Amino acid sequence: MAEHADHADRSGHADRAGHTDHADHPAYPVGLRLHGRRVVVVGGGQVAQRRLPQLIATGAVITLISPSATPSVEAMADAGEIRWERRRYQDGDLADTWYALVASSDTTANDAASAEAERTRTWCVRSDDAEAATAWTPATGRIENITVAVLNTTPRGRDPRHSAALRDAIVEGLRDGSIAAPHHRTRAPGVALVGGGPGDPDLITVRGRRLLAEADVVIADRLGPRDLLDELPPHVEVIDAAKIPYGRFMAQEAINQALIEHAKAGKSVVRLKGGDPFVFGRGMEEAQALAAEGIPCTVVPGISSTISVPGAAGIPVTHRGVAHEFTVVSGHVAPEDPRSLVDWEAIARLRGTLVLLMAVDKIGAIAAALIAHGKDPATPVALVQEGTTAAQRRVDATLADVGERAVAEDVRPPAVIVIGDVVAVGPDSAPAPVQDTAE
């Protein structure tokens with residue numbers, strides 16, 4: 001066993017070269033597999049609140065030792081995700097522990113826990129004294145099934161902010177496709193129905209943007225975020241859904257057929273839609289057509305224009321003391337049209353907010369129907385055209401004159417129409433009388 005004499009043991013004792021600490025030696029990065037293994041967290045404050053979710057995700061058996069905890073940490077204990085012992089640290093608490101996070105505001109307790117970790121050969125992170133720790137937590141981010149961890153492994157000059165900035169840059173690059181490396185396909189051929197959001201390319205979900213970057217074929221709606229198409233690699237085939245040759249098919253049937261044909265050819269296909277695929281987007285019709293052909297289909301929800309466009313225009317669809325509900329209605333057919341499935345009489349009786357999509361050319365008839373069924377003609381109305389984009393504009397009216405105002409102001413689709421008292425609510429408006437404590 002003479003060979004062991006040349007090296008320091010884990011406690012940092014001097015080796016033959018005379019080193020007495022870890023200051024000149026880089027840390028060794030490693031991934032800990034903690035599923036089913038005991039982890040102890042000392043301290044229930046902000047550090048624990050940030051670190052616990054990822055520890056919980058590993059499947060570790062976690063014990064929190066702290067006389068108090070933040071509300072978020074307490075909620076984790078109430079949900080059974082961790083076991084909370086409401087007391088101060090005591091010697092022996094790290095028995096049979098694989099990993100310890102020492103993060104209390106009691107320096108004496110932190111020193112004692114750190115000393116026990118050293119004696120018991122337990123890897124230990126200390127939030128208050130990195131040099132006294134036997135392990136450091138890297139800045140981490142996740143994308144799909146990959147964890148990106150950035151760690152400055154040299155003790156001298158460690159700057160966690162620099163590591164976090166590098167982590168963010170790498171993860172964002174992987175998400176938006178600006179950082180890519182050759183790899184085997186990780187997703188089987190099939191179709192992803194991706195909600196692109198209301199128009200601003202920054203409002204697509206992270207998952208939607210990643211699937212776009214991985215696609216072989218993208219079939220896009222005109223209401224999808226067009227700017228994202230410019231970011232696609234040159235090999236990606238982009239198909240404008242509005243220009244698919246329909247022949248004997250109805251428009252939707254032709255789109256369904258295009259999805260099926262490309263997926264059966266072994267391609268990864270993204271159907272890029274505006275807003276959310278299942279909010280007046282015919283997403284379920286496409287999912288059903290794919291299911292009938294045995295083609296895998298992934299649905300990626302999107303930010304719906306029904307709430308995001310009013311929000312971008314400064315209109316809250318609900319507001320305490322003003323509106324306790326909002327109703328979304330398609331206005332693509334007029335109230336008197338026999339194809340209409342909307343009970344406009346019932347809609348008129350509602351006190352909350354009414355949000356209309358695809359209703360620009362029918363708004364005069366819709367307003368008349370609402371007034372005929374008892375809606376106050378003075379009810380505020382806002383028409384928001386091209387919401388969340390550089391071309392966004394807002395036209396205000398009342399239910400009595402919205403039809404004329406839409407024509408006079410040349411409001412064109414796509415536009416979201418908001419009807420209700422929330423239209424008059426804004427950052428500078430007087431607070432409404434509060435009669436409840438909800439929300």
# chains A, B, ... in the order shown; residues from 1 in each chain; ligands from 1
$ residues_around --residues "Ala369 in chain A" --least-positions-apart "6" --cutoff "12 Å" --atoms "only C-alpha atoms" --output "list of chain:residue names"
A:Ala334, A:Pro335, A:Glu336, A:Asp337, A:Val342, A:Asp343, A:Trp344, A:Glu345, A:Ala346, A:Ile347, A:Ala348, A:Arg349, A:Lys362, A:Ile363, A:Lys375, A:Asp376, A:Pro377, A:Leu399, A:Ala400, A:Gly403
$ residues_around --residues "range 26-43 of chain A" --least-positions-apart "3" --cutoff "8 Å" --atoms "only C-alpha atoms" --output "tab-separated table (two decimals) with N, CA, C and O atoms, in the first residue's frame"
chain	number	residue	atom	x	y	z
A	22	HIS	N	-6.53	22.37	-1.44
A	22	HIS	CA	-6.96	22.08	-2.81
A	22	HIS	C	-6.76	23.28	-3.74
A	22	HIS	O	-7.20	23.23	-4.88
A	48	ALA	N	-31.86	26.63	-0.71
A	48	ALA	CA	-32.58	25.36	-0.78
A	48	ALA	C	-33.74	25.44	-1.76
A	48	ALA	O	-34.00	24.50	-2.51
A	58	THR	N	-34.19	14.20	-9.52
A	58	THR	CA	-33.29	13.04	-9.62
A	58	THR	C	-33.90	11.79	-8.99
A	58	THR	O	-33.40	10.68	-9.23
A	59	GLY	N	-34.93	11.96	-8.18
A	59	GLY	CA	-35.49	10.81	-7.46
A	59	GLY	C	-34.81	10.51	-6.16
A	59	GLY	O	-35.00	9.43	-5.57
A	60	ALA	N	-34.00	11.45	-5.68
A	60	ALA	CA	-33.31	11.24	-4.40
A	60	ALA	C	-34.32	11.22	-3.25
A	60	ALA	O	-35.41	11.79	-3.33
A	61	VAL	N	-33.93	10.56	-2.16
A	61	VAL	CA	-34.71	10.56	-0.93
A	61	VAL	C	-34.17	11.71	-0.07
A	61	VAL	O	-33.08	11.61	0.50
A	62	ILE	N	-34.92	12.78	0.00
A	62	ILE	CA	-34.39	14.04	0.54
A	62	ILE	C	-34.95	14.32	1.92
A	62	ILE	O	-36.16	14.28	2.15
A	63	THR	N	-34.05	14.65	2.84
A	63	THR	CA	-34.42	15.10	4.17
A	63	THR	C	-33.95	16.54	4.33
A	63	THR	O	-32.77	16.84	4.12
A	64	LEU	N	-34.86	17.42	4.69
A	64	LEU	CA	-34.53	18.81	4.98
A	64	LEU	C	-34.44	18.98	6.48
A	64	LEU	O	-35.37	18.60	7.22
A	65	ILE	N	-33.35	19.56	6.95
A	65	ILE	CA	-33.17	19.83	8.37
A	65	ILE	C	-33.06	21.33	8.54
A	65	ILE	O	-32.08	21.96	8.13
A	66	SER	N	-34.10	21.91	9.12
A	66	SER	CA	-34.13	23.36	9.30
A	66	SER	C	-35.30	23.73	10.20
A	66	SER	O	-36.39	23.15	10.06
A	67	PRO	N	-35.11	24.67	11.12
A	67	PRO	CA	-36.25	25.08	11.96
A	67	PRO	C	-37.31	25.85	11.21
A	67	PRO	O	-38.46	25.93	11.64
A	68	SER	N	-36.95	26.43	10.04
A	68	SER	CA	-37.92	27.19	9.25
A	68	SER	C	-37.63	26.97	7.78
A	68	SER	O	-36.59	26.42	7.40
A	69	ALA	N	-38.56	27.40	6.94
A	69	ALA	CA	-38.39	27.24	5.49
A	69	ALA	C	-39.21	28.30	4.77
A	69	ALA	O	-40.18	28.84	5.32
A	89	TYR	N	-29.58	21.54	12.86
A	89	TYR	CA	-28.67	20.43	12.56
A	89	TYR	C	-28.09	19.85	13.85
A	89	TYR	O	-27.75	20.58	14.79
A	93	ASP	N	-26.56	13.70	11.70
A	93	ASP	CA	-27.63	13.85	10.71
A	93	ASP	C	-27.22	13.39	9.32
A	93	ASP	O	-28.08	13.12	8.48
A	94	LEU	N	-25.91	13.30	9.06
A	94	LEU	CA	-25.47	12.91	7.73
A	94	LEU	C	-25.15	11.42	7.62
A	94	LEU	O	-24.58	10.98	6.62
A	96	ASP	N	-25.26	7.77	6.64
A	96	ASP	CA	-25.77	7.06	5.45
A	96	ASP	C	-26.19	8.01	4.33
A	96	ASP	O	-27.04	7.66	3.51
A	97	THR	N	-25.61	9.18	4.32
A	97	THR	CA	-25.97	10.17	3.30
A	97	THR	C	-24.96	10.14	2.15
A	97	THR	O	-23.75	10.04	2.37
A	98	TRP	N	-25.46	10.24	0.94
A	98	TRP	CA	-24.60	10.23	-0.24
A	98	TRP	C	-24.16	11.64	-0.63
A	98	TRP	O	-23.08	11.85	-1.16
A	99	TYR	N	-25.05	12.60	-0.37
A	99	TYR	CA	-24.78	13.97	-0.83
A	99	TYR	C	-25.47	14.93	0.14
A	99	TYR	O	-26.59	14.67	0.59
A	100	ALA	N	-24.76	16.01	0.48
A	100	ALA	CA	-25.31	16.98	1.42
A	100	ALA	C	-25.21	18.38	0.83
A	100	ALA	O	-24.19	18.74	0.21
A	101	LEU	N	-26.26	19.15	1.02
A	101	LEU	CA	-26.26	20.57	0.67
A	101	LEU	C	-26.39	21.35	1.97
A	101	LEU	O	-27.42	21.27	2.65
A	102	VAL	N	-25.36	22.08	2.34
A	102	VAL	CA	-25.34	22.84	3.58
A	102	VAL	C	-25.58	24.30	3.23
A	102	VAL	O	-24.72	24.95	2.61
A	103	ALA	N	-26.73	24.83	3.62
A	103	ALA	CA	-27.12	26.15	3.14
A	103	ALA	C	-27.93	26.92	4.18
A	103	ALA	O	-28.86	27.64	3.85
A	104	SER	N	-27.59	26.76	5.45
A	104	SER	CA	-28.32	27.49	6.48
A	104	SER	C	-27.66	28.83	6.74
A	104	SER	O	-26.56	29.12	6.26
A	105	SER	N	-28.33	29.67	7.52
A	105	SER	CA	-27.76	30.98	7.88
A	105	SER	C	-26.94	30.90	9.16
A	105	SER	O	-26.40	31.91	9.61
A	110	ASN	N	-23.27	25.15	9.95
A	110	ASN	CA	-22.68	24.82	8.65
A	110	ASN	C	-21.30	24.21	8.82
A	110	ASN	O	-20.95	23.22	8.17
A	151	LEU	N	-18.92	24.59	-15.15
A	151	LEU	CA	-18.25	24.69	-13.86
A	151	LEU	C	-16.84	25.20	-14.07
A	151	LEU	O	-16.07	24.62	-14.84
A	153	THR	N	-13.60	24.93	-12.89
A	153	THR	CA	-13.02	23.89	-12.03
A	153	THR	C	-11.78	24.35	-11.28
A	153	THR	O	-11.24	23.59	-10.47
A	154	THR	N	-11.31	25.57	-11.55
A	154	THR	CA	-10.13	26.08	-10.84
A	154	THR	C	-10.57	26.91	-9.65
A	154	THR	O	-11.34	27.85	-9.80
A	155	PRO	N	-10.12	26.58	-8.45
A	155	PRO	CA	-10.60	27.29	-7.26
A	155	PRO	C	-10.33	28.78	-7.29
A	155	PRO	O	-11.17	29.58	-6.90
$ closest_residue --among "A:Ala359, A:Ala265, A:Ala112, A:Leu223" --to "Glu386 in chain A" --atoms "only C-alpha atoms"
A:Leu223
$ select_by_dssp --residues "range 176-285 of chain A" --states "helix (DSSP H, G or I)" --output "PyMOL selection string"
chain A and resi 176+201-203+206-214+226-231+241-243+251-264+283-285
$ write_last_selection --atoms "N, CA and C atoms" --output "mmCIF file, in the first residue's frame"
data_model
loop_
_atom_site.group_PDB
_atom_site.id
_atom_site.type_symbol
_atom_site.label_atom_id
_atom_site.label_comp_id
_atom_site.auth_asym_id
_atom_site.auth_seq_id
_atom_site.Cartn_x
_atom_site.Cartn_y
_atom_site.Cartn_z
ATOM 1 N N ASP A 176 -32.279 27.367 -30.010
ATOM 2 C CA ASP A 176 -32.673 28.053 -31.246
ATOM 3 C C ASP A 176 -31.946 27.532 -32.477
ATOM 4 N N PRO A 201 -41.843 36.192 -33.102
ATOM 5 C CA PRO A 201 -41.085 34.935 -33.094
ATOM 6 C C PRO A 201 -40.512 34.574 -31.741
ATOM 7 N N ASP A 202 -40.345 35.548 -30.847
ATOM 8 C CA ASP A 202 -39.824 35.251 -29.513
ATOM 9 C C ASP A 202 -40.865 34.590 -28.613
ATOM 10 N N LEU A 203 -42.115 34.532 -29.069
ATOM 11 C CA LEU A 203 -43.177 33.984 -28.223
ATOM 12 C C LEU A 203 -43.529 32.543 -28.547
ATOM 13 N N VAL A 206 -40.059 27.072 -26.173
ATOM 14 C CA VAL A 206 -38.710 26.534 -26.345
ATOM 15 C C VAL A 206 -38.766 25.209 -27.094
ATOM 16 N N ARG A 207 -39.713 24.365 -26.737
ATOM 17 C CA ARG A 207 -39.814 23.065 -27.404
ATOM 18 C C ARG A 207 -40.192 23.225 -28.868
ATOM 19 N N GLY A 208 -41.105 24.144 -29.150
ATOM 20 C CA GLY A 208 -41.495 24.368 -30.531
ATOM 21 C C GLY A 208 -40.329 24.834 -31.382
ATOM 22 N N ARG A 209 -39.528 25.725 -30.842
ATOM 23 C CA ARG A 209 -38.376 26.243 -31.594
ATOM 24 C C ARG A 209 -37.351 25.135 -31.832
ATOM 25 N N ARG A 210 -37.156 24.279 -30.832
ATOM 26 C CA ARG A 210 -36.198 23.185 -31.003
ATOM 27 C C ARG A 210 -36.666 22.205 -32.073
ATOM 28 N N LEU A 211 -37.950 21.857 -32.076
ATOM 29 C CA LEU A 211 -38.466 20.935 -33.080
ATOM 30 C C LEU A 211 -38.371 21.532 -34.478
ATOM 31 N N LEU A 212 -38.555 22.837 -34.579
ATOM 32 C CA LEU A 212 -38.368 23.489 -35.878
ATOM 33 C C LEU A 212 -36.933 23.307 -36.367
ATOM 34 N N ALA A 213 -35.978 23.482 -35.454
ATOM 35 C CA ALA A 213 -34.565 23.366 -35.826
ATOM 36 C C ALA A 213 -34.205 21.949 -36.251
ATOM 37 N N GLU A 214 -34.985 20.948 -35.809
ATOM 38 C CA GLU A 214 -34.693 19.548 -36.119
ATOM 39 C C GLU A 214 -35.501 19.021 -37.303
ATOM 40 N N ARG A 226 -43.746 34.045 -39.164
ATOM 41 C CA ARG A 226 -43.004 33.892 -40.417
ATOM 42 C C ARG A 226 -41.504 34.106 -40.253
ATOM 43 N N ASP A 227 -41.106 34.980 -39.329
ATOM 44 C CA ASP A 227 -39.683 35.270 -39.163
ATOM 45 C C ASP A 227 -38.884 34.028 -38.789
ATOM 46 N N LEU A 228 -39.531 33.055 -38.142
ATOM 47 C CA LEU A 228 -38.819 31.847 -37.738
ATOM 48 C C LEU A 228 -38.385 31.015 -38.937
ATOM 49 N N LEU A 229 -39.096 31.146 -40.038
ATOM 50 C CA LEU A 229 -38.762 30.340 -41.209
ATOM 51 C C LEU A 229 -37.410 30.739 -41.790
ATOM 52 N N ASP A 230 -37.029 32.001 -41.614
ATOM 53 C CA ASP A 230 -35.734 32.460 -42.121
ATOM 54 C C ASP A 230 -34.569 31.845 -41.366
ATOM 55 N N GLU A 231 -34.836 31.343 -40.148
ATOM 56 C CA GLU A 231 -33.768 30.779 -39.327
ATOM 57 C C GLU A 231 -33.506 29.309 -39.611
ATOM 58 N N ALA A 241 -48.839 26.339 -46.439
ATOM 59 C CA ALA A 241 -50.091 25.573 -46.449
ATOM 60 C C ALA A 241 -51.130 26.212 -47.359
ATOM 61 N N ALA A 242 -51.049 27.536 -47.515
ATOM 62 C CA ALA A 242 -52.038 28.215 -48.354
ATOM 63 C C ALA A 242 -51.822 27.924 -49.831
ATOM 64 N N LYS A 243 -50.642 27.385 -50.197
ATOM 65 C CA LYS A 243 -50.337 27.161 -51.609
ATOM 66 C C LYS A 243 -50.280 25.684 -51.974
ATOM 67 N N ALA A 251 -59.401 22.192 -48.625
ATOM 68 C CA ALA A 251 -58.118 22.718 -48.164
ATOM 69 C C ALA A 251 -57.547 21.899 -47.015
ATOM 70 N N GLN A 252 -58.336 21.615 -46.001
ATOM 71 C CA GLN A 252 -57.820 20.885 -44.846
ATOM 72 C C GLN A 252 -57.434 19.460 -45.212
ATOM 73 N N GLU A 253 -58.196 18.840 -46.088
ATOM 74 C CA GLU A 253 -57.859 17.479 -46.506
ATOM 75 C C GLU A 253 -56.523 17.450 -47.238
ATOM 76 N N ALA A 254 -56.240 18.497 -48.022
ATOM 77 C CA ALA A 254 -54.969 18.558 -48.740
ATOM 78 C C ALA A 254 -53.804 18.718 -47.771
ATOM 79 N N ILE A 255 -54.007 19.522 -46.751
ATOM 80 C CA ILE A 255 -52.957 19.688 -45.744
ATOM 81 C C ILE A 255 -52.727 18.368 -45.012
ATOM 82 N N ASN A 256 -53.807 17.702 -44.626
ATOM 83 C CA ASN A 256 -53.675 16.404 -43.965
ATOM 84 C C ASN A 256 -52.878 15.434 -44.834
ATOM 85 N N GLN A 257 -53.189 15.418 -46.130
ATOM 86 C CA GLN A 257 -52.525 14.496 -47.030
ATOM 87 C C GLN A 257 -51.036 14.812 -47.156
ATOM 88 N N ALA A 258 -50.706 16.098 -47.168
ATOM 89 C CA ALA A 258 -49.292 16.483 -47.245
ATOM 90 C C ALA A 258 -48.535 16.037 -45.996
ATOM 91 N N LEU A 259 -49.155 16.184 -44.835
ATOM 92 C CA LEU A 259 -48.524 15.730 -43.592
ATOM 93 C C LEU A 259 -48.269 14.227 -43.637
ATOM 94 N N ILE A 260 -49.261 13.501 -44.095
ATOM 95 C CA ILE A 260 -49.166 12.040 -44.143
ATOM 96 C C ILE A 260 -48.068 11.598 -45.115
ATOM 97 N N GLU A 261 -48.048 12.192 -46.302
ATOM 98 C CA GLU A 261 -47.088 11.773 -47.328
ATOM 99 C C GLU A 261 -45.643 12.020 -46.882
ATOM 100 N N HIS A 262 -45.385 13.180 -46.306
ATOM 101 C CA HIS A 262 -44.016 13.481 -45.895
ATOM 102 C C HIS A 262 -43.593 12.613 -44.700
ATOM 103 N N ALA A 263 -44.520 12.368 -43.781
ATOM 104 C CA ALA A 263 -44.179 11.518 -42.634
ATOM 105 C C ALA A 263 -43.917 10.090 -43.086
ATOM 106 N N LYS A 264 -44.706 9.591 -44.027
ATOM 107 C CA LYS A 264 -44.501 8.226 -44.511
ATOM 108 C C LYS A 264 -43.211 8.099 -45.315
ATOM 109 N N GLY A 283 -56.250 21.636 -35.175
ATOM 110 C CA GLY A 283 -55.188 20.714 -34.806
ATOM 111 C C GLY A 283 -55.679 19.295 -34.582
ATOM 112 N N MET A 284 -56.838 19.158 -33.972
ATOM 113 C CA MET A 284 -57.343 17.813 -33.714
ATOM 114 C C MET A 284 -57.736 17.100 -35.002
ATOM 115 N N GLU A 285 -58.206 17.840 -35.996
ATOM 116 C CA GLU A 285 -58.511 17.207 -37.274
ATOM 117 C C GLU A 285 -57.243 16.601 -37.878
#
$ atom_distance --atom1 "CA of Leu272 in chain A" --atom2 "CA of Pro225 in chain A"
8.4 Å
$ residues_around --residues "range 116-118 of chain A" --least-positions-apart "4" --cutoff "8 Å" --atoms "only C-alpha atoms" --output "MDAnalysis selection string"
chainID A and resid 10:11 91:92 94 100 112 122:124 134
$ write_last_selection --atoms "C-alpha atoms" --output "CSV table (one decimal), in the first residue's frame"
chain,number,residue,atom,x,y,z
A,10,ARG,CA,-10.0,13.2,0.6
A,11,SER,CA,-9.5,15.3,3.7
A,91,ASP,CA,-24.2,15.7,14.7
A,92,GLY,CA,-25.0,12.4,13.1
A,94,LEU,CA,-25.5,12.9,7.7
A,100,ALA,CA,-25.3,17.0,1.4
A,112,ALA,CA,-20.3,21.3,12.1
A,122,THR,CA,-20.0,12.5,2.1
A,123,TRP,CA,-19.8,14.9,-0.8
A,124,CYS,CA,-20.9,18.2,0.5
A,134,THR,CA,-15.9,19.0,-1.1
$ select_by_dssp --residues "range 121-341 of chain A" --states "strand (DSSP E or B)" --output "PyMOL selection string"
chain A and resi 123-126+139-143+146-150+190-195+197+217-220+237-240+268-273+275+297-300+319+323+326-330
$ closest_residue --among "A:Ile239, A:Leu193, A:Leu383, A:Ile303" --to "Met358 in chain A" --atoms "only C-alpha atoms"
A:Leu383
$ residues_around --residues "Arg142 in chain A" --least-positions-apart "6" --cutoff "10 Å" --atoms "only C-alpha atoms" --output "PyMOL selection string"
chain A and resi 148-149+167+171+174-175
$ write_last_selection --atoms "all heavy atoms" --output "mmCIF file, in the first residue's frame"
data_model
loop_
_atom_site.group_PDB
_atom_site.id
_atom_site.type_symbol
_atom_site.label_atom_id
_atom_site.label_comp_id
_atom_site.auth_asym_id
_atom_site.auth_seq_id
_atom_site.Cartn_x
_atom_site.Cartn_y
_atom_site.Cartn_z
ATOM 1 N N VAL A 148 -26.814 20.497 -19.548
ATOM 2 C CA VAL A 148 -25.605 21.278 -19.792
ATOM 3 C C VAL A 148 -25.138 21.811 -18.445
ATOM 4 O O VAL A 148 -25.889 22.496 -17.744
ATOM 5 C CB VAL A 148 -25.881 22.452 -20.755
ATOM 6 C CG1 VAL A 148 -24.651 23.341 -20.879
ATOM 7 C CG2 VAL A 148 -26.302 21.920 -22.120
ATOM 8 N N ALA A 149 -23.913 21.474 -18.060
ATOM 9 C CA ALA A 149 -23.358 21.913 -16.785
ATOM 10 C C ALA A 149 -22.062 22.669 -17.036
ATOM 11 O O ALA A 149 -21.167 22.163 -17.714
ATOM 12 C CB ALA A 149 -23.098 20.709 -15.868
ATOM 13 N N ARG A 167 -23.523 29.085 -19.406
ATOM 14 C CA ARG A 167 -24.610 28.104 -19.445
ATOM 15 C C ARG A 167 -25.779 28.626 -20.271
ATOM 16 O O ARG A 167 -26.312 27.936 -21.147
ATOM 17 C CB ARG A 167 -25.047 27.798 -18.006
ATOM 18 C CG ARG A 167 -26.186 26.794 -17.818
ATOM 19 C CD ARG A 167 -27.569 27.455 -17.724
ATOM 20 N NE ARG A 167 -27.635 28.706 -17.043
ATOM 21 C CZ ARG A 167 -27.850 28.857 -15.732
ATOM 22 N NH1 ARG A 167 -27.984 27.818 -14.957
ATOM 23 N NH2 ARG A 167 -27.965 30.089 -15.235
ATOM 24 N N VAL A 171 -27.174 26.901 -23.741
ATOM 25 C CA VAL A 171 -28.533 26.355 -23.789
ATOM 26 C C VAL A 171 -29.376 27.091 -24.820
ATOM 27 O O VAL A 171 -30.108 26.467 -25.598
ATOM 28 C CB VAL A 171 -29.185 26.413 -22.389
ATOM 29 C CG1 VAL A 171 -30.660 26.056 -22.471
ATOM 30 C CG2 VAL A 171 -28.468 25.470 -21.431
ATOM 31 N N LEU A 174 -28.434 25.949 -28.284
ATOM 32 C CA LEU A 174 -28.980 24.635 -28.594
ATOM 33 C C LEU A 174 -30.465 24.702 -28.863
ATOM 34 O O LEU A 174 -30.997 24.003 -29.733
ATOM 35 C CB LEU A 174 -28.697 23.666 -27.439
ATOM 36 C CG LEU A 174 -27.233 23.281 -27.224
ATOM 37 C CD1 LEU A 174 -27.071 22.502 -25.929
ATOM 38 C CD2 LEU A 174 -26.717 22.465 -28.407
ATOM 39 N N ARG A 175 -31.153 25.574 -28.122
ATOM 40 C CA ARG A 175 -32.605 25.675 -28.298
ATOM 41 C C ARG A 175 -32.981 26.297 -29.637
ATOM 42 O O ARG A 175 -33.923 25.861 -30.300
ATOM 43 C CB ARG A 175 -33.209 26.495 -27.155
ATOM 44 C CG ARG A 175 -33.303 25.738 -25.839
ATOM 45 C CD ARG A 175 -33.724 26.642 -24.708
ATOM 46 N NE ARG A 175 -33.937 25.886 -23.485
ATOM 47 C CZ ARG A 175 -34.085 26.426 -22.291
ATOM 48 N NH1 ARG A 175 -34.031 27.740 -22.149
ATOM 49 N NH2 ARG A 175 -34.281 25.668 -21.229
#
$ residues_around --residues "range 198-200 of chain A" --least-positions-apart "2" --cutoff "12 Å" --atoms "only C-alpha atoms" --output "PyMOL selection string"
chain A and resi 195-196+202-205+221-228+272-277+279+302-312+357+384-392+414-416
$ atom_distance --atom1 "CA of Val328 in chain A" --atom2 "CA of Asp428 in chain A"
26.4 Å
$ atom_distance --atom1 "CA of Pro234 in chain A" --atom2 "CA of Gly173 in chain A"
17.7 Å
